[in-house]
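Chemist: coords-v7.csv is reproduced below (CSV, C-alpha atoms (C1' of nucleotides)).
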chain,number,residue,atom,x,y,z
V,1,MET,CA,-124.6,-76.2,27.1
V,2,THR,CA,-121.1,-75.2,28.0
V,3,THR,CA,-119.9,-78.7,27.6
V,4,ASN,CA,-117.2,-80.2,29.8
V,5,TRP,CA,-115.0,-78.7,27.2
V,6,THR,CA,-113.4,-76.5,29.8
V,7,ASP,CA,-112.3,-79.7,31.7
V,8,ILE,CA,-110.9,-81.2,28.6
V,9,LYS,CA,-108.9,-78.1,28.0
V,10,ALA,CA,-107.7,-77.9,31.5
V,11,SER,CA,-106.7,-81.6,31.7
V,12,ARG,CA,-104.3,-81.0,28.8
V,13,ALA,CA,-102.9,-77.7,29.5
V,14,ASP,CA,-99.6,-79.1,30.4
V,15,SER,CA,-99.7,-82.7,29.2
V,16,ASP,CA,-98.9,-82.9,25.5
V,17,GLU,CA,-100.1,-80.4,22.9
V,18,ARG,CA,-98.5,-77.6,24.8
V,19,ARG,CA,-95.1,-78.9,23.6
V,20,HIS,CA,-94.9,-78.3,19.9
V,21,GLY,CA,-92.1,-80.2,18.3
V,22,TYR,CA,-91.5,-82.9,20.8
V,23,GLU,CA,-91.4,-86.2,19.1
V,24,HIS,CA,-91.6,-85.5,15.4
V,25,ALA,CA,-88.0,-86.5,15.4
V,26,GLY,CA,-89.1,-90.0,16.3
V,27,ARG,CA,-91.3,-90.4,13.3
V,28,ALA,CA,-88.7,-88.7,11.1
V,29,ILE,CA,-86.0,-91.1,12.2
V,30,ARG,CA,-88.3,-94.1,11.7
V,31,LEU,CA,-89.3,-93.0,8.2
V,32,ALA,CA,-85.7,-92.3,7.4
V,33,PHE,CA,-84.7,-95.8,8.4
V,34,GLU,CA,-87.6,-97.3,6.4
V,35,ILE,CA,-86.6,-95.4,3.3
V,36,LYS,CA,-82.9,-96.5,3.6
V,37,GLU,CA,-84.0,-100.0,4.2
V,38,LEU,CA,-86.3,-100.1,1.2
V,39,ARG,CA,-83.7,-98.5,-1.0
V,40,GLU,CA,-81.0,-100.9,-0.1
V,41,ARG,CA,-83.3,-103.8,-0.6
V,42,LYS,CA,-83.9,-102.7,-4.1
V,43,GLY,CA,-80.2,-102.4,-4.6
V,44,LEU,CA,-80.3,-98.7,-5.4
V,45,SER,CA,-77.7,-96.1,-4.6
V,46,GLN,CA,-78.9,-92.7,-3.2
V,47,ARG,CA,-78.0,-91.2,-6.6
V,48,GLN,CA,-80.1,-93.7,-8.5
V,49,LEU,CA,-83.1,-93.3,-6.2
V,50,ALA,CA,-82.7,-89.6,-6.5
V,51,GLU,CA,-82.9,-89.8,-10.2
V,52,LEU,CA,-86.0,-92.0,-10.0
V,53,VAL,CA,-87.6,-89.5,-7.6
V,54,GLY,CA,-86.5,-86.6,-9.6
V,55,THR,CA,-84.1,-84.9,-7.2
V,56,THR,CA,-80.5,-85.1,-6.2
V,57,GLN,CA,-78.4,-87.4,-4.0
V,58,SER,CA,-78.0,-84.9,-1.3
V,59,ALA,CA,-81.7,-84.6,-0.9
V,60,ILE,CA,-82.0,-88.3,-0.4
V,61,ALA,CA,-79.1,-88.3,2.1
V,62,ARG,CA,-80.8,-85.5,4.0
V,63,LEU,CA,-84.0,-87.5,4.2
V,64,GLU,CA,-82.3,-90.6,5.3
V,65,GLY,CA,-80.5,-88.6,7.9
V,66,GLY,CA,-83.8,-88.4,9.8
V,67,ARG,CA,-83.3,-84.9,11.1
V,68,ILE,CA,-86.2,-83.4,9.3
V,69,SER,CA,-89.9,-84.2,9.0
V,70,PRO,CA,-90.4,-84.9,5.3
V,71,SER,CA,-93.5,-83.6,3.5
V,72,LEU,CA,-96.2,-86.0,2.4
V,73,PRO,CA,-95.7,-85.2,-1.2
V,74,THR,CA,-92.0,-86.0,-0.9
V,75,LEU,CA,-92.7,-89.3,1.0
V,76,ASP,CA,-95.2,-90.2,-1.7
V,77,ARG,CA,-92.7,-89.7,-4.5
V,78,ILE,CA,-90.1,-91.7,-2.7
V,79,ALA,CA,-92.6,-94.5,-2.0
V,80,ASN,CA,-93.6,-94.7,-5.7
V,81,ALA,CA,-90.0,-94.8,-6.8
V,82,LEU,CA,-89.4,-97.7,-4.4
V,83,ASP,CA,-92.4,-99.7,-5.4
V,84,ALA,CA,-93.9,-99.0,-2.0
V,85,GLU,CA,-97.1,-97.5,-0.7
V,86,LEU,CA,-97.4,-94.6,1.7
V,87,THR,CA,-100.1,-94.9,4.3
V,88,VAL,CA,-101.3,-92.1,6.5
V,89,THR,CA,-104.1,-92.7,8.9
V,90,LEU,CA,-105.8,-91.0,11.8
V,91,THR,CA,-107.2,-93.6,14.2
V,92,ASP,CA,-109.4,-92.7,17.1
V,93,THR,CA,-108.0,-94.1,20.4
V,94,GLN,CA,-111.2,-93.4,22.2
V,95,GLN,CA,-113.9,-95.1,20.1
V,96,LEU,CA,-115.6,-96.7,23.0
V,97,LEU,CA,-115.2,-94.0,25.6
V,98,GLY,CA,-116.9,-90.7,25.2
V,99,ALA,CA,-120.3,-92.4,24.6
V,100,ARG,CA,-121.5,-90.2,27.4
L,1,MET,CA,-72.4,-104.7,-12.1
L,2,THR,CA,-74.6,-102.3,-14.1
L,3,THR,CA,-77.7,-103.9,-12.7
L,4,ASN,CA,-80.9,-103.8,-14.6
L,5,TRP,CA,-81.2,-100.4,-13.1
L,6,THR,CA,-81.4,-98.9,-16.6
L,7,ASP,CA,-84.4,-100.9,-17.3
L,8,ILE,CA,-86.1,-99.9,-14.1
L,9,LYS,CA,-85.5,-96.3,-14.9
L,10,ALA,CA,-86.7,-96.6,-18.5
L,11,SER,CA,-89.8,-98.5,-17.4
L,12,ARG,CA,-90.8,-95.5,-15.3
L,13,ALA,CA,-89.7,-92.6,-17.3
L,14,ASP,CA,-93.3,-91.6,-18.1
L,15,SER,CA,-95.4,-93.7,-15.7
L,16,ASP,CA,-95.6,-92.1,-12.3
L,17,GLU,CA,-92.8,-90.3,-10.6
L,18,ARG,CA,-92.4,-88.0,-13.6
L,19,ARG,CA,-95.6,-86.2,-12.4
L,20,HIS,CA,-94.8,-84.3,-9.3
L,21,GLY,CA,-97.9,-83.2,-7.5
L,22,TYR,CA,-100.5,-85.4,-9.0
L,23,GLU,CA,-102.6,-87.0,-6.3
L,24,HIS,CA,-101.4,-85.3,-3.2
L,25,ALA,CA,-104.8,-83.7,-3.3
L,26,GLY,CA,-106.4,-87.0,-2.8
L,27,ARG,CA,-104.6,-87.7,0.4
L,28,ALA,CA,-105.2,-84.2,1.6
L,29,ILE,CA,-108.9,-84.4,1.0
L,30,ARG,CA,-109.2,-87.7,2.8
L,31,LEU,CA,-107.2,-86.5,5.8
L,32,ALA,CA,-109.3,-83.3,5.8
L,33,PHE,CA,-112.4,-85.4,6.0
L,34,GLU,CA,-111.0,-87.6,8.7
L,35,ILE,CA,-110.1,-84.6,10.8
L,36,LYS,CA,-113.5,-83.0,10.4
L,37,GLU,CA,-115.1,-86.3,11.2
L,38,LEU,CA,-113.1,-86.8,14.4
L,39,ARG,CA,-113.6,-83.3,15.5
L,40,GLU,CA,-117.3,-83.4,15.2
L,41,ARG,CA,-117.5,-86.8,16.9
L,42,LYS,CA,-115.8,-85.2,19.9
L,43,GLY,CA,-118.3,-82.4,19.7
L,44,LEU,CA,-115.7,-79.7,19.2
L,45,SER,CA,-116.0,-76.6,17.2
L,46,GLN,CA,-113.1,-75.5,14.9
L,47,ARG,CA,-112.3,-72.8,17.4
L,48,GLN,CA,-112.1,-75.2,20.3
L,49,LEU,CA,-109.9,-77.6,18.4
L,50,ALA,CA,-107.8,-74.8,17.4
L,51,GLU,CA,-107.2,-73.8,21.0
L,52,LEU,CA,-106.4,-77.4,21.9
L,53,VAL,CA,-103.9,-77.6,19.1
L,54,GLY,CA,-102.5,-74.2,19.8
L,55,THR,CA,-103.5,-72.4,16.6
L,56,THR,CA,-106.5,-70.5,15.3
L,57,GLN,CA,-109.9,-71.4,13.8
L,58,SER,CA,-108.9,-70.3,10.4
L,59,ALA,CA,-106.0,-72.7,10.3
L,60,ILE,CA,-108.3,-75.6,11.2
L,61,ALA,CA,-110.8,-74.5,8.6
L,62,ARG,CA,-108.0,-74.4,6.0
L,63,LEU,CA,-106.9,-77.9,6.9
L,64,GLU,CA,-110.4,-79.3,6.7
L,65,GLY,CA,-110.7,-77.5,3.4
L,66,GLY,CA,-108.4,-80.3,2.0
L,67,ARG,CA,-106.7,-78.0,-0.5
L,68,ILE,CA,-103.3,-78.3,1.1
L,69,SER,CA,-101.1,-81.2,2.1
L,70,PRO,CA,-100.6,-80.8,5.9
L,71,SER,CA,-97.2,-81.4,7.4
L,72,LEU,CA,-96.6,-84.4,9.7
L,73,PRO,CA,-96.0,-82.2,12.7
L,74,THR,CA,-99.3,-80.5,12.2
L,75,LEU,CA,-101.2,-83.8,11.7
L,76,ASP,CA,-99.5,-85.1,14.8
L,77,ARG,CA,-100.7,-82.1,16.9
L,78,ILE,CA,-104.2,-82.4,15.6
L,79,ALA,CA,-104.2,-86.1,16.3
L,80,ASN,CA,-103.1,-85.6,19.9
L,81,ALA,CA,-105.7,-83.0,20.4
L,82,LEU,CA,-108.4,-85.3,19.1
L,83,ASP,CA,-107.3,-88.3,21.1
L,84,ALA,CA,-106.3,-90.0,18.0
L,85,GLU,CA,-103.1,-91.5,16.7
L,86,LEU,CA,-101.3,-90.6,13.5
L,87,THR,CA,-99.9,-93.5,11.6
L,88,VAL,CA,-97.4,-93.1,8.7
L,89,THR,CA,-96.1,-96.2,7.0
L,90,LEU,CA,-94.1,-97.2,4.0
L,91,THR,CA,-95.1,-100.7,2.9
L,92,ASP,CA,-93.2,-102.6,0.1
L,93,THR,CA,-95.6,-103.7,-2.6
L,94,GLN,CA,-93.1,-106.0,-4.1
L,95,GLN,CA,-92.0,-108.1,-1.2
L,96,LEU,CA,-92.3,-111.4,-3.1
L,97,LEU,CA,-91.3,-110.2,-6.5
L,98,GLY,CA,-87.8,-109.0,-7.0
L,99,ALA,CA,-86.2,-111.9,-5.1
L,100,ARG,CA,-83.1,-111.4,-7.1
X,1,DA,C1',-134.3,-57.2,14.4
X,2,DA,C1',-130.3,-58.1,17.0
X,3,DG,C1',-127.0,-61.0,18.8
X,4,DG,C1',-124.0,-65.1,19.3
X,5,DG,C1',-121.9,-69.1,17.6
X,6,DT,C1',-119.9,-71.5,13.5
X,7,DG,C1',-117.4,-72.0,9.5
X,8,DA,C1',-115.1,-70.1,5.2
X,9,DT,C1',-111.8,-66.9,3.0
X,10,DA,C1',-108.3,-63.5,2.0
X,11,DG,C1',-104.0,-61.4,2.8
X,12,DC,C1',-99.8,-61.2,5.1
X,13,DA,C1',-95.2,-62.6,7.6
X,14,DT,C1',-92.6,-66.4,8.9
X,15,DC,C1',-90.7,-70.9,9.0
X,16,DG,C1',-89.5,-75.3,7.4
X,17,DC,C1',-88.8,-78.4,3.6
X,18,DT,C1',-87.0,-79.0,-0.9
X,19,DG,C1',-83.7,-78.7,-4.8
X,20,DC,C1',-79.3,-77.5,-6.1
X,21,DT,C1',-74.1,-77.0,-6.2
X,22,DA,C1',-70.0,-77.9,-4.1
X,23,DT,C1',-67.5,-80.1,-1.1
X,24,DG,C1',-65.3,-83.7,2.1
X,25,DC,C1',-64.7,-88.4,3.9
X,26,DC,C1',-64.4,-93.4,3.6
X,27,DC,C1',-63.8,-97.4,1.2
X,28,DT,C1',-62.5,-100.4,-2.7
X,29,DG,C1',-60.1,-101.6,-7.0
X,30,DG,C1',-56.8,-100.4,-10.3
E,1,DC,C1',-50.8,-94.2,-4.8
E,2,DC,C1',-54.6,-92.8,-7.4
E,3,DA,C1',-59.2,-92.9,-9.2
E,4,DG,C1',-64.0,-93.8,-8.5
E,5,DG,C1',-68.2,-94.8,-6.2
E,6,DG,C1',-71.1,-94.0,-2.2
E,7,DC,C1',-72.7,-91.2,1.5
E,8,DA,C1',-72.8,-86.9,4.5
E,9,DT,C1',-72.8,-81.9,5.0
E,10,DA,C1',-73.0,-76.9,4.2
E,11,DG,C1',-74.9,-73.1,2.1
E,12,DC,C1',-78.2,-70.9,-0.7
E,13,DA,C1',-82.7,-69.8,-3.3
E,14,DG,C1',-87.5,-70.9,-3.8
E,15,DC,C1',-91.9,-72.5,-2.3
E,16,DG,C1',-95.5,-74.3,0.3
E,17,DA,C1',-97.5,-74.8,4.9
E,18,DT,C1',-98.6,-72.4,9.1
E,19,DG,C1',-100.2,-68.7,12.3
E,20,DC,C1',-102.5,-64.6,12.5
E,21,DT,C1',-106.0,-60.8,11.9
E,22,DA,C1',-110.0,-59.5,9.8
E,23,DT,C1',-113.9,-60.3,7.3
E,24,DC,C1',-118.1,-62.5,5.5
E,25,DA,C1',-122.2,-65.5,5.2
E,26,DC,C1',-125.2,-68.6,7.8
E,27,DC,C1',-127.9,-70.4,11.2
E,28,DC,C1',-130.2,-70.2,15.4
E,29,DT,C1',-132.0,-68.1,19.5
E,30,DT,C1',-133.8,-64.3,21.9
Taking this structure as input, can you express it in the form of structure tokens?
Modeler:
Amino acid sequence: MTTNWTDIKASRADSDERRHGYEHAGRAIRLAFEIKELRERKGLSQRQLAELVGTTQSAIARLEGGRISPSLPTLDRIANALDAELTVTLTDTQQLLGAR
Amino acid sequence: MTTNWTDIKASRADSDERRHGYEHAGRAIRLAFEIKELRERKGLSQRQLAELVGTTQSAIARLEGGRISPSLPTLDRIANALDAELTVTLTDTQQLLGAR
DNA sequence: AAGGGTGATAGCATCGCTGCTATGCCCTGG
DNA sequence: CCAGGGCATAGCAGCGATGCTATCACCCTT
């Protein structure tokens, strides 16, 4: 068999996955902004949201700072507190390609 | 001001956010399944995916086990390796409600 | 029967996120 | 001027996720 797996591996050796923490920052910043947006829309202060979520104001500030990549459990709790829904999806970008 | 914030807080005291790690398992299991699904569709073994991602087979197996809540950085790396895209969204479920 | 490939699991060290306290800064109202 | 609220930041302890090695059980092929 020895699929063309070797090719796949080679073609990516230096493209993307070799760089570990490249653009997590991007997602973190976007999520941070969305949280802040939602919170302000609800008219809540960081302290109030913190209490709803079950944490402290500084933790909320840190999240909204966008310098860390929040955990899914944390995002979920925030979402619930803000009457929002957290959606996490993995979509194949090659559905119609590798059909051999 | 003293918004109806007190009401909000009261109305949730024992509904959802008081329970910390309730259904993270659900999301973890779904993601685990999606990863496995994608990986097999690409015809990759856990070991091959591991190498693409830059980790080991046991780590992949653990993820696909669905007993932990993966970090976003990890999910992102997996997604890239599988030619997939990771989407994380916070959607307001009350857009047309609290117009005040 | 022996070997190879695949996937689970355990145990460990390390790292990052989280919760917390304690500040500091800015702004607004008294 | 002096609170007071709102937000940011630092520093620390604790915990969960990750990476790793080493097994183990299975299946399949030879």
Chemist: Is it possible to get the residues within 10 Å of (-88.8, -96.1, -3.6) (coordinates as in the file, counting only C-alpha atoms (C1' of nucleotides)) written as a PyMOL selection string?
Modeler: (chain V and resi 35-42+44+49-50+52-53+75-85) or (chain L and resi 17+90+92)
Chemist: Could you state the separation of CA of Gln46 (chain L) and CA of Ile60 (chain L) in Å, given to one decimal place?
Modeler: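 Separation between CA of Gln46 (chain L) and CA of Ile60 (chain L): 6.1 Å.
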Chemist: Considering all atoms listed in the file, can you say which of X:DC17, X:DA22, X:DC27, X:DA1 comes closest to Thr74 (chain V)?
Modeler: X:DC17
Chemist: Residues of chain L within 9 Å of chain E, counting only C-alpha atoms (C1' of nucleotides) - could you list those as a list in words?
Modeler: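 Applying the cut-off to the listed atoms yields Thr55, Thr56, Ser58, Ala59, Ile68, Ser69, Pro70, Ser71 and Thr74 of chain L.
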Chemist: I need the chain L residues near chain X as a list in words; criterion: at most 9 Å, counting all atoms listed in the file.
Modeler: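 Using all atoms listed in the file, chain L residues at most 9 Å from chain X: Ser45, Gln46, Arg47, Gln57, Ser58, Ala61, Arg62 and Gly65 of chain L.
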Chemist: So what do you get for CA of Thr93 (chain L) versus CA of Gly43 (chain V), distance-wise?
Modeler: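 Interatomic distance, CA of Thr93 (chain L) to CA of Gly43 (chain V): 15.6 Å.
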Chemist: Between CA of Leu63 (chain V) and CA of Glu34 (chain V), measure the distance and give it in Å to one decimal.
Modeler: 10.7 Å
Chemist: Please determine, counting all atoms listed in the file, which residue among V:Arg27, V:Leu86, V:Gly66, V:Gln48 has the shortest atom-to-atom distance to chain L.
Modeler: V:Leu86
Chemist: Given the choices V:Thr87, V:Glu51, V:Glu64, V:Arg30, which gets closest to chain L if the distance is worked out from all atoms listed in the file?
Modeler: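 Among the listed residues, V:Thr87 lies closest to chain L.
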